[in-house]
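What follows is one structure encoded as structure tokens, with my remarks underneath.
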2 protein chains.
Amino acid sequence: MVSRLDQVLVAVSDPTRRAILGRLAGGPARISDVAAPFAMTLTGVCKHVRILERAGLVKRKRHGRENTLELSAEPLRAVAQWVSTYERFWNVRLDRLEQFFADKHEVPP
Amino acid sequence: MVSRLDQVLVAVSDPTRRAILGRLAGGPARISDVAAPFAMTLTGVCKHVRILERAGLVKRKRHGRENTLELSAEPLRAVAQWVSTYERFWNVRLDRLEQFFADKHEVPP
DNA sequence: GGCATACTGAACCGATCGGTTCACTATCGT
DNA sequence: ACGATAGTGAACCGATCGGTTCAGTATGCC
């Protein structure tokens, strides 16, 4: 079983897919429009979109023969949450600095 | 060329590697200790550690034949930063709610 | 010295990945 | 009805991935 966080992280760990999300952050777009800037076949982009879709990061709406893609960033929340559990570790230096000053101004016994 | 963000996201998109980071969040440990809970050979775990190391998420210190691993969460900051650029999108409902009230109290022309 | 411990490198394996080509289905515009 | 446009499914390809086995190197302990 692969968790949702897994799906999202895997989807997002590819630079092409992050670029697609970036494009969609500027507003909805058709697959062809999204694909245009890439030196890649439409089929290739389609597969990336599919992965993003399965991760819940992209919503698709069909209008006739066109597929409008829309960003759905909510699953990134899980990523933010996971990362945030490590926040205290990259603030460790700051903690030490604070400790340093705390020690300096400590009242001697 | 693969960016740092890429390296970190790829490293972190594997559940085994996230579990290793989780273990290391509880304090430094030897590779063997980290490996113990996994149904996997030591060699397998070694390879995962290597990937985490290359992403800068783990620091290694040799003491004789032992390798002490230490969490180095700072690169996760880049992930947090990247995700944060999408924060406004998962708050979109709130935005719409605000817009709704803004419209309500709008001064008619 | 001799044996156990703690890794590591290399070779290998099947599965998955990113990407392509090609053939196909719908749909749109004229 | 026609050809152009938008997208998809399937088959294929080389590369990478997660994992193994096995042999080897240090190092620690008695």
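Residue numbering restarts at 1 for every chain of the structure tokens, chains are lettered A, B, ... in their displayed order, and ligands are numbered from 1 as they appear.
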Exercise for the section: Determine which residues of chain A receive a DSSP assignment of alpha helix (DSSP H), computed from the backbone, and state them as a VMD selection string. Expected result: chain A and resid 4 to 12 15 to 25 31 to 35 42 to 54 76 to 84 87 to 90 92 to 104
After fit on chain B (all C-alpha, ordered pairs), chain A as a tab-separated table (two decimals) with C-alpha atoms, in the first residue's frame:
```tsv
chain	number	residue	atom	x	y	z
A	1	MET	CA	22.36	18.47	-14.09
A	2	VAL	CA	20.19	17.63	-11.18
A	3	SER	CA	19.44	20.42	-8.74
A	4	ARG	CA	19.69	20.18	-4.99
A	5	LEU	CA	15.90	20.43	-4.64
A	6	ASP	CA	15.69	17.48	-7.00
A	7	GLN	CA	18.11	15.40	-4.98
A	8	VAL	CA	16.27	16.19	-1.76
A	9	LEU	CA	12.82	15.51	-3.16
A	10	VAL	CA	13.91	12.23	-4.70
A	11	ALA	CA	15.60	11.19	-1.45
A	12	VAL	CA	12.51	12.03	0.52
A	13	SER	CA	9.98	10.46	-1.84
A	14	ASP	CA	10.80	6.98	-0.57
A	15	PRO	CA	8.97	5.81	2.56
A	16	THR	CA	11.93	3.82	3.88
A	17	ARG	CA	14.15	6.87	3.66
A	18	ARG	CA	11.54	9.04	5.37
A	19	ALA	CA	11.38	6.43	8.13
A	20	ILE	CA	15.15	6.63	8.51
A	21	LEU	CA	14.93	10.40	8.85
A	22	GLY	CA	12.16	9.89	11.40
A	23	ARG	CA	14.36	7.59	13.39
A	24	LEU	CA	17.24	10.04	13.26
A	25	ALA	CA	14.96	12.83	14.44
A	26	GLY	CA	15.02	11.01	17.78
A	27	GLY	CA	18.78	11.39	17.95
A	28	PRO	CA	21.94	10.09	16.26
A	29	ALA	CA	22.25	6.37	15.72
A	30	ARG	CA	24.52	3.80	14.11
A	31	ILE	CA	23.60	2.34	10.75
A	32	SER	CA	22.90	-1.04	12.32
A	33	ASP	CA	20.52	0.52	14.84
A	34	VAL	CA	18.76	2.44	12.10
A	35	ALA	CA	18.53	-0.73	10.03
A	36	ALA	CA	17.19	-2.96	12.80
A	37	PRO	CA	13.45	-2.17	12.47
A	38	PHE	CA	13.40	-2.81	8.73
A	39	ALA	CA	12.76	-6.15	7.09
A	40	MET	CA	15.70	-5.52	4.85
A	41	THR	CA	19.37	-6.41	4.71
A	42	LEU	CA	21.94	-4.05	6.15
A	43	THR	CA	23.28	-3.54	2.64
A	44	GLY	CA	19.88	-2.33	1.52
A	45	VAL	CA	19.69	0.21	4.33
A	46	CYS	CA	23.26	1.29	3.58
A	47	LYS	CA	22.22	2.25	0.07
A	48	HIS	CA	19.32	4.30	1.36
A	49	VAL	CA	21.59	6.07	3.83
A	50	ARG	CA	23.94	6.84	0.98
A	51	ILE	CA	21.18	8.55	-0.96
A	52	LEU	CA	20.16	10.56	2.08
A	53	GLU	CA	23.79	11.49	2.61
A	54	ARG	CA	24.22	12.69	-0.96
A	55	ALA	CA	21.12	14.82	-0.52
A	56	GLY	CA	22.75	16.34	2.57
A	57	LEU	CA	20.01	15.07	4.85
A	58	VAL	CA	22.29	12.87	6.90
A	59	LYS	CA	25.79	13.42	8.27
A	60	ARG	CA	28.07	10.52	9.04
A	61	LYS	CA	30.83	10.27	11.65
A	62	ARG	CA	33.14	7.32	11.84
A	63	HIS	CA	34.22	6.01	15.21
A	64	GLY	CA	36.32	2.95	14.63
A	65	ARG	CA	34.14	0.46	12.87
A	66	GLU	CA	30.92	2.27	13.74
A	67	ASN	CA	29.18	4.90	11.65
A	68	THR	CA	27.13	7.33	13.62
A	69	LEU	CA	24.41	8.98	11.57
A	70	GLU	CA	22.99	12.34	12.40
A	71	LEU	CA	20.02	14.12	10.93
A	72	SER	CA	20.83	17.23	8.93
A	73	ALA	CA	17.42	18.63	8.10
A	74	GLU	CA	18.56	21.90	6.62
A	75	PRO	CA	18.09	20.81	2.97
A	76	LEU	CA	14.40	20.30	3.73
A	77	ARG	CA	14.24	24.05	3.89
A	78	ALA	CA	14.44	24.10	0.09
A	79	VAL	CA	11.42	21.82	-0.03
A	80	ALA	CA	9.52	24.00	2.41
A	81	GLN	CA	10.39	27.02	0.32
A	82	TRP	CA	9.28	25.41	-2.91
A	83	VAL	CA	6.00	24.25	-1.41
A	84	SER	CA	5.38	27.64	0.12
A	85	THR	CA	5.20	29.21	-3.33
A	86	TYR	CA	1.95	27.26	-3.76
A	87	GLU	CA	0.48	28.16	-0.41
A	88	ARG	CA	-1.76	30.82	-1.86
A	89	PHE	CA	-3.42	28.16	-4.01
A	90	TRP	CA	-4.61	25.95	-1.22
A	91	ASN	CA	-5.92	29.03	0.56
A	92	VAL	CA	-7.99	29.90	-2.48
A	93	ARG	CA	-11.21	28.72	-0.85
A	94	LEU	CA	-10.53	30.89	2.15
A	95	ASP	CA	-9.84	33.75	-0.24
A	96	ARG	CA	-13.18	33.14	-1.90
A	97	LEU	CA	-14.91	33.04	1.46
A	98	GLU	CA	-13.31	36.33	2.37
A	99	GLN	CA	-14.39	37.69	-1.00
A	100	PHE	CA	-17.89	36.47	-0.30
A	101	PHE	CA	-18.09	38.43	2.92
A	102	ALA	CA	-16.37	41.38	1.38
A	103	ASP	CA	-19.07	41.41	-1.31
A	104	LYS	CA	-21.81	41.09	1.31
A	105	HIS	CA	-20.65	44.12	3.17
A	106	GLU	CA	-19.69	46.06	0.16
A	107	VAL	CA	-21.14	49.52	0.07
A	108	PRO	CA	-23.58	49.68	-2.85
A	109	PRO	CA	-22.68	52.25	-5.50
```
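Using only C-alpha atoms (C1' of nucleotides), the part of chain D that sits within 9 Å of chain A is made up of D:DT5, D:DA6, D:DG7, D:DT8.
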Practice task
Would you list, as a list of chain:residue names, the residues of chain B that end up in strand (DSSP E) under DSSP run on this structure's backbone?
Solution key: B:Ala29, B:Arg30, B:Val58, B:Lys59, B:Arg60, B:Lys61, B:Arg62, B:His63, B:Glu66, B:Asn67, B:Thr68, B:Leu69, B:Glu70, B:Leu71
How would the residues just chosen look if you wrote them out with N, CA and C atoms as a compact mmCIF listing (two decimals), in the first residue's frame?
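Saved as again-v9.txt:
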```
# COMPACT_ATOMS: atom_id res chain seq x y z
N ALA B 29 22.48 7.63 15.50
CA ALA B 29 22.50 6.19 15.62
C ALA B 29 23.47 5.60 14.61
N ARG B 30 23.94 4.38 14.88
CA ARG B 30 24.81 3.70 13.93
C ARG B 30 23.96 3.14 12.80
N VAL B 58 21.63 13.69 5.92
CA VAL B 58 22.26 12.87 6.95
C VAL B 58 23.75 13.16 6.96
N LYS B 59 24.29 13.30 8.16
CA LYS B 59 25.74 13.48 8.30
C LYS B 59 26.32 12.22 8.93
N ARG B 60 27.51 11.86 8.48
CA ARG B 60 28.11 10.62 8.95
C ARG B 60 29.43 10.94 9.68
N LYS B 61 29.63 10.27 10.79
CA LYS B 61 30.91 10.41 11.50
C LYS B 61 31.46 9.02 11.75
N ARG B 62 32.70 8.80 11.34
CA ARG B 62 33.30 7.49 11.57
C ARG B 62 34.01 7.45 12.91
N HIS B 63 33.70 6.43 13.69
CA HIS B 63 34.48 6.14 14.89
C HIS B 63 34.92 4.70 14.77
N GLU B 66 32.65 1.94 13.29
CA GLU B 66 31.25 2.35 13.38
C GLU B 66 30.99 3.67 12.67
N ASN B 67 29.83 3.75 12.04
CA ASN B 67 29.41 4.98 11.38
C ASN B 67 28.23 5.56 12.15
N THR B 68 28.45 6.68 12.78
CA THR B 68 27.33 7.32 13.47
C THR B 68 26.64 8.27 12.51
N LEU B 69 25.34 8.09 12.38
CA LEU B 69 24.55 8.95 11.50
C LEU B 69 23.81 9.99 12.32
N GLU B 70 23.74 11.18 11.75
CA GLU B 70 23.05 12.26 12.43
C GLU B 70 22.14 12.95 11.44
N LEU B 71 20.96 13.28 11.89
CA LEU B 71 20.00 14.00 11.05
C LEU B 71 20.53 15.40 10.74
```
Practice task
Using only C-alpha atoms (C1' of nucleotides), find which residues of chain C lie within 12 Å of chain A and jot them down as number ranges by chain.
Solution key: C: 17-22, 25-28
Keeping only N, CA and C atoms (P, O5', C5', C4', C3', O3' and C1' of nucleotides), write those residues as a compact mmCIF listing (two decimals), in the first residue's frame.
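So the final result, stored in result.txt, reads:
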```
# COMPACT_ATOMS: atom_id res chain seq x y z
P DC C 17 6.79 3.81 -11.36
O5' DC C 17 7.93 4.46 -12.27
C5' DC C 17 9.23 4.65 -11.71
C4' DC C 17 10.03 5.57 -12.61
C3' DC C 17 9.18 6.61 -13.31
O3' DC C 17 9.86 7.85 -13.34
C1' DC C 17 10.28 5.23 -14.92
P DG C 18 8.99 9.15 -13.71
O5' DG C 18 9.64 9.68 -15.06
C5' DG C 18 11.04 9.91 -15.15
C4' DG C 18 11.44 9.98 -16.60
C3' DG C 18 10.55 10.91 -17.43
O3' DG C 18 11.38 11.72 -18.25
C1' DG C 18 10.58 8.75 -18.38
P DG C 19 10.69 12.92 -19.08
O5' DG C 19 10.44 12.23 -20.51
C5' DG C 19 11.55 11.92 -21.32
C4' DG C 19 11.18 10.91 -22.39
C3' DG C 19 10.05 11.32 -23.35
O3' DG C 19 10.58 12.04 -24.47
C1' DG C 19 10.09 8.97 -22.85
P DT C 20 9.59 12.49 -25.65
O5' DT C 20 9.56 11.21 -26.61
C5' DT C 20 10.80 10.70 -27.12
C4' DT C 20 10.54 9.43 -27.93
C3' DT C 20 9.50 9.63 -29.03
O3' DT C 20 10.14 9.65 -30.31
C1' DT C 20 9.04 7.66 -27.73
P DT C 21 9.28 10.11 -31.58
O5' DT C 21 8.53 8.74 -31.97
C5' DT C 21 9.30 7.59 -32.30
C4' DT C 21 8.38 6.45 -32.67
C3' DT C 21 7.39 6.79 -33.80
O3' DT C 21 7.38 5.73 -34.75
C1' DT C 21 6.22 6.00 -31.89
P DC C 22 6.71 5.94 -36.17
O5' DC C 22 5.29 5.27 -35.91
C5' DC C 22 5.23 4.01 -35.24
C4' DC C 22 3.78 3.61 -35.01
C3' DC C 22 2.81 4.17 -36.06
O3' DC C 22 1.93 3.14 -36.47
C1' DC C 22 2.07 4.70 -33.89
P DT C 25 -10.95 3.62 -33.67
O5' DT C 25 -11.33 4.76 -32.63
C5' DT C 25 -11.24 4.51 -31.23
C4' DT C 25 -11.60 5.76 -30.46
C3' DT C 25 -12.92 6.40 -30.90
O3' DT C 25 -13.62 6.82 -29.75
C1' DT C 25 -11.18 7.99 -31.05
P DA C 26 -15.25 6.76 -29.73
O5' DA C 26 -15.63 8.28 -29.50
C5' DA C 26 -14.92 9.25 -30.23
C4' DA C 26 -14.68 10.45 -29.36
C3' DA C 26 -15.73 11.53 -29.63
O3' DA C 26 -15.91 12.31 -28.47
C1' DA C 26 -13.61 12.18 -30.50
P DT C 27 -17.24 13.17 -28.32
O5' DT C 27 -16.81 14.56 -28.99
C5' DT C 27 -15.78 15.30 -28.38
C4' DT C 27 -15.23 16.32 -29.34
C3' DT C 27 -16.30 17.27 -29.93
O3' DT C 27 -16.01 18.55 -29.43
C1' DT C 27 -14.68 16.59 -31.53
P DC C 28 -17.07 19.73 -29.61
O5' DC C 28 -16.35 20.59 -30.75
C5' DC C 28 -15.06 21.15 -30.46
C4' DC C 28 -14.48 21.74 -31.73
C3' DC C 28 -15.39 22.74 -32.43
O3' DC C 28 -14.72 23.99 -32.49
C1' DC C 28 -14.51 21.12 -33.96
```
